[in-house]
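Here is the structure we will look at.
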Amino acid sequence: MSPFILNTWYVAACDDEVGEEALFARRLLDQPVLLYRTGHGEPVAMLDRCPHRFAYLSKGRRIGDEVECLYHGLRFGPDGLCTRSPYQKTPPARARVRSFPVVERHRLIWIWMGDPERADPALIPDHSHLDDESLRPLVWHVAFDGNWQLGNDNLMELTHLFWLHTSTIGGWKPDAGATPGETYHARVEEGRVHSRTFVPNITRPPVFDNGVPAGQPFDQWNDTEWVAPANMTFTMGAVPVGAPAVTNRPYMVQSHCITPETATRSHYFSGLARIFQRDGGPEVDARLIAFFKGIFEREDGPIMADVQEQMGDADLFDLDPLILPRDAGAILARRMVAQRLAEEAGAEAKEKGIAGIGEVQV
């Protein structure tokens with residue numbers, strides 16, 4: 001069975017990674033992919049492999065909207081069809097490169113690597129907060145050594161903030177355990193995993209300006225929505241103690257998308273829209289991106305690499321992991337991924353996880 005869900009949209013690149021002229025190479029789902037833009041700015045995605053002697057097309061040349069292989073000069077159009085074979089009047093009928101459906105949306109370039117007939121752009125997850133210019137949206141990319149589902153696990157279970165990220169984003173909590181009155185709830189609804197963490201009466205300064213007057217205690221909430229295979233939206237807000245959450249809009253909405261590079265290495269695409277630090281211009285934007293990328297590269301990435309080394313080729317549940325209450329969202333996501341993988345393989349979904357984890361209240 002494939003380790004990847006194929007019939008779905010994945011993020012291939014941030015929009016600014018694929019320039020107007022250059023050929024951009026990236027391995028996705030253990031396949032070499034070439035990305036570039038036509039003269040009209042439309043993104044193109046195709047297999048980064050010439051069908052003749054399998055050279056990387058990304059090492060070739062741009063000829064208008066076409067790509068010329070550097071090895072023997074075969075030329076291919078955006079649809080993957082060979083348009084020129086130097087020593088033939090007409091290119092062979094089978095001279096073509098597989099092309100992939102691709103859509104640019106929400107500052108991200110999305111690719112469909114399964115059955116192209118099923119590539120419906122309406123299925124692209126909603127990250128429209130990244131389109132709101134008033135919220136100064138940002139996107140960035142980081143790679144890490146680890147299976148893509150470890151990225152899901154890491155992002156769906158946020159109590160690690162107060163141990164792994166104590167010097168950065170996790171140092172605001174008064175203690176390392178649950179705050180009195182803190183609640184966590186996870187559920188499946190309409191094919192998505194939703195979880196909410198509510199932490200009342202926080203008196204320490206927040207990491208970012210959350211819209212509550214400085215020095216005033218506040219209630220913090222975080223809503224997470226997960227869409228298969230690995231798309232997450234975090235909505236974070238704060239209100240004065242005891243006030244309804246609806247009285248204040250979120251101070252930050254984050255996007256987190258994981259795309260497999262191989263079975264043991266992954267691409268992490270992240271972005272945010274915020275109500276704080278919106279007037280500082282490109283320098284502030286660059287500092288925020290460096291801040292968040294640095295956290296992942298120094299803290300999350302190494303721990304996931306360690307976990308991958310410990311697990312090897314084994315599935316998480318084959319190793320009989322200890323399951324804690326706050327793992328509920330991640331476990332629900334893993335069970336849904338297992339079902340999707342089995343469905344694509346044409347096999348019955350093997351039941352995994354803990355029976356009865358449908359809803360958890362802590």
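Scheme for the structure tokens: letters A, B, ... for chains in order shown; per-chain residue numbers from 1; ligand numbers from 1 in order shown.
Close contacts of A:Gly77, defined as residues with an atom at most 8 Å away when counting only C-alpha atoms, with chain neighbours fewer than 6 positions off set aside, comprise Asp65, Glu66, Val67 and Thr83 of chain A.
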For stretch 196-299 of chain A against stretch 330-342 of chain A, with a cut-off of 10 Å and counting only C-alpha atoms, what is the closest atom pair and its distance in Å to one decimal for every residue that makes the cut, ordered by chain and number, as CSV?
```
residue,atom,partner,partner_atom,distance
A:Trp226,CA,A:Ala333,CA,7.5
A:Val227,CA,A:Ala333,CA,8.4
A:Ala228,CA,A:Val337,CA,6.7
A:Pro229,CA,A:Val337,CA,6.3
A:Ala230,CA,A:Ala333,CA,8.7
```
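Taking atom CA of A:Arg326 as the reference point, atom CA of A:Ile169 is found at 18.8 Å.
In this model, the gap between atom CA of A:Asp315 and atom CA of A:Met1 comes to 12.7 Å.
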| task | Can you work out which one of A:Glu297, A:Asp126, A:Asp16, A:Glu190 has the shortest atom-to-atom distance to A:Ser255, counting only C-alpha atoms? | result |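 Checking each candidate against A:Ser255, we get A:Asp126 as the closest.
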| Atomic separation - atom CA of A:Thr166 relative to atom CA of A:Ile275, Å |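 Separating atom CA of A:Ile275 from atom CA of A:Thr166 is a distance of 23.7 Å.
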| Contacts of stretch 282-293 of chain A at 8 Å or less, counting only C-alpha atoms, minus same-chain residues fewer than 6 places along, as a PyMOL selection string? | chain A and resi 138-142
| field | Non-local contacts of A:Phe218 (6 Å; only C-alpha atoms; under 5 positions in same chain excluded) as a PyMOL selection string | value | chain A and resi 201-202+239-241
C-alpha atoms of the current selection, written as a short mmCIF file (atom, residue, chain, number, x, y, z; two decimals), in the first residue's frame:
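Written output follows (out_35.cif):
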```
data_model
loop_
_atom_site.label_atom_id
_atom_site.label_comp_id
_atom_site.auth_asym_id
_atom_site.auth_seq_id
_atom_site.Cartn_x
_atom_site.Cartn_y
_atom_site.Cartn_z
CA ASN A 201 -7.44 33.62 33.57
CA ILE A 202 -3.93 33.90 32.18
CA VAL A 239 -10.70 38.11 25.61
CA PRO A 240 -10.76 39.76 29.04
CA VAL A 241 -11.46 37.17 31.73
#
```
| DSSP on the backbone: what in stretch 135-346 of chain A comes out strand (DSSP E), as a PyMOL selection string? | chain A and resi 138-144+183-189+192-202+218-227+231-240+252-260+266-274
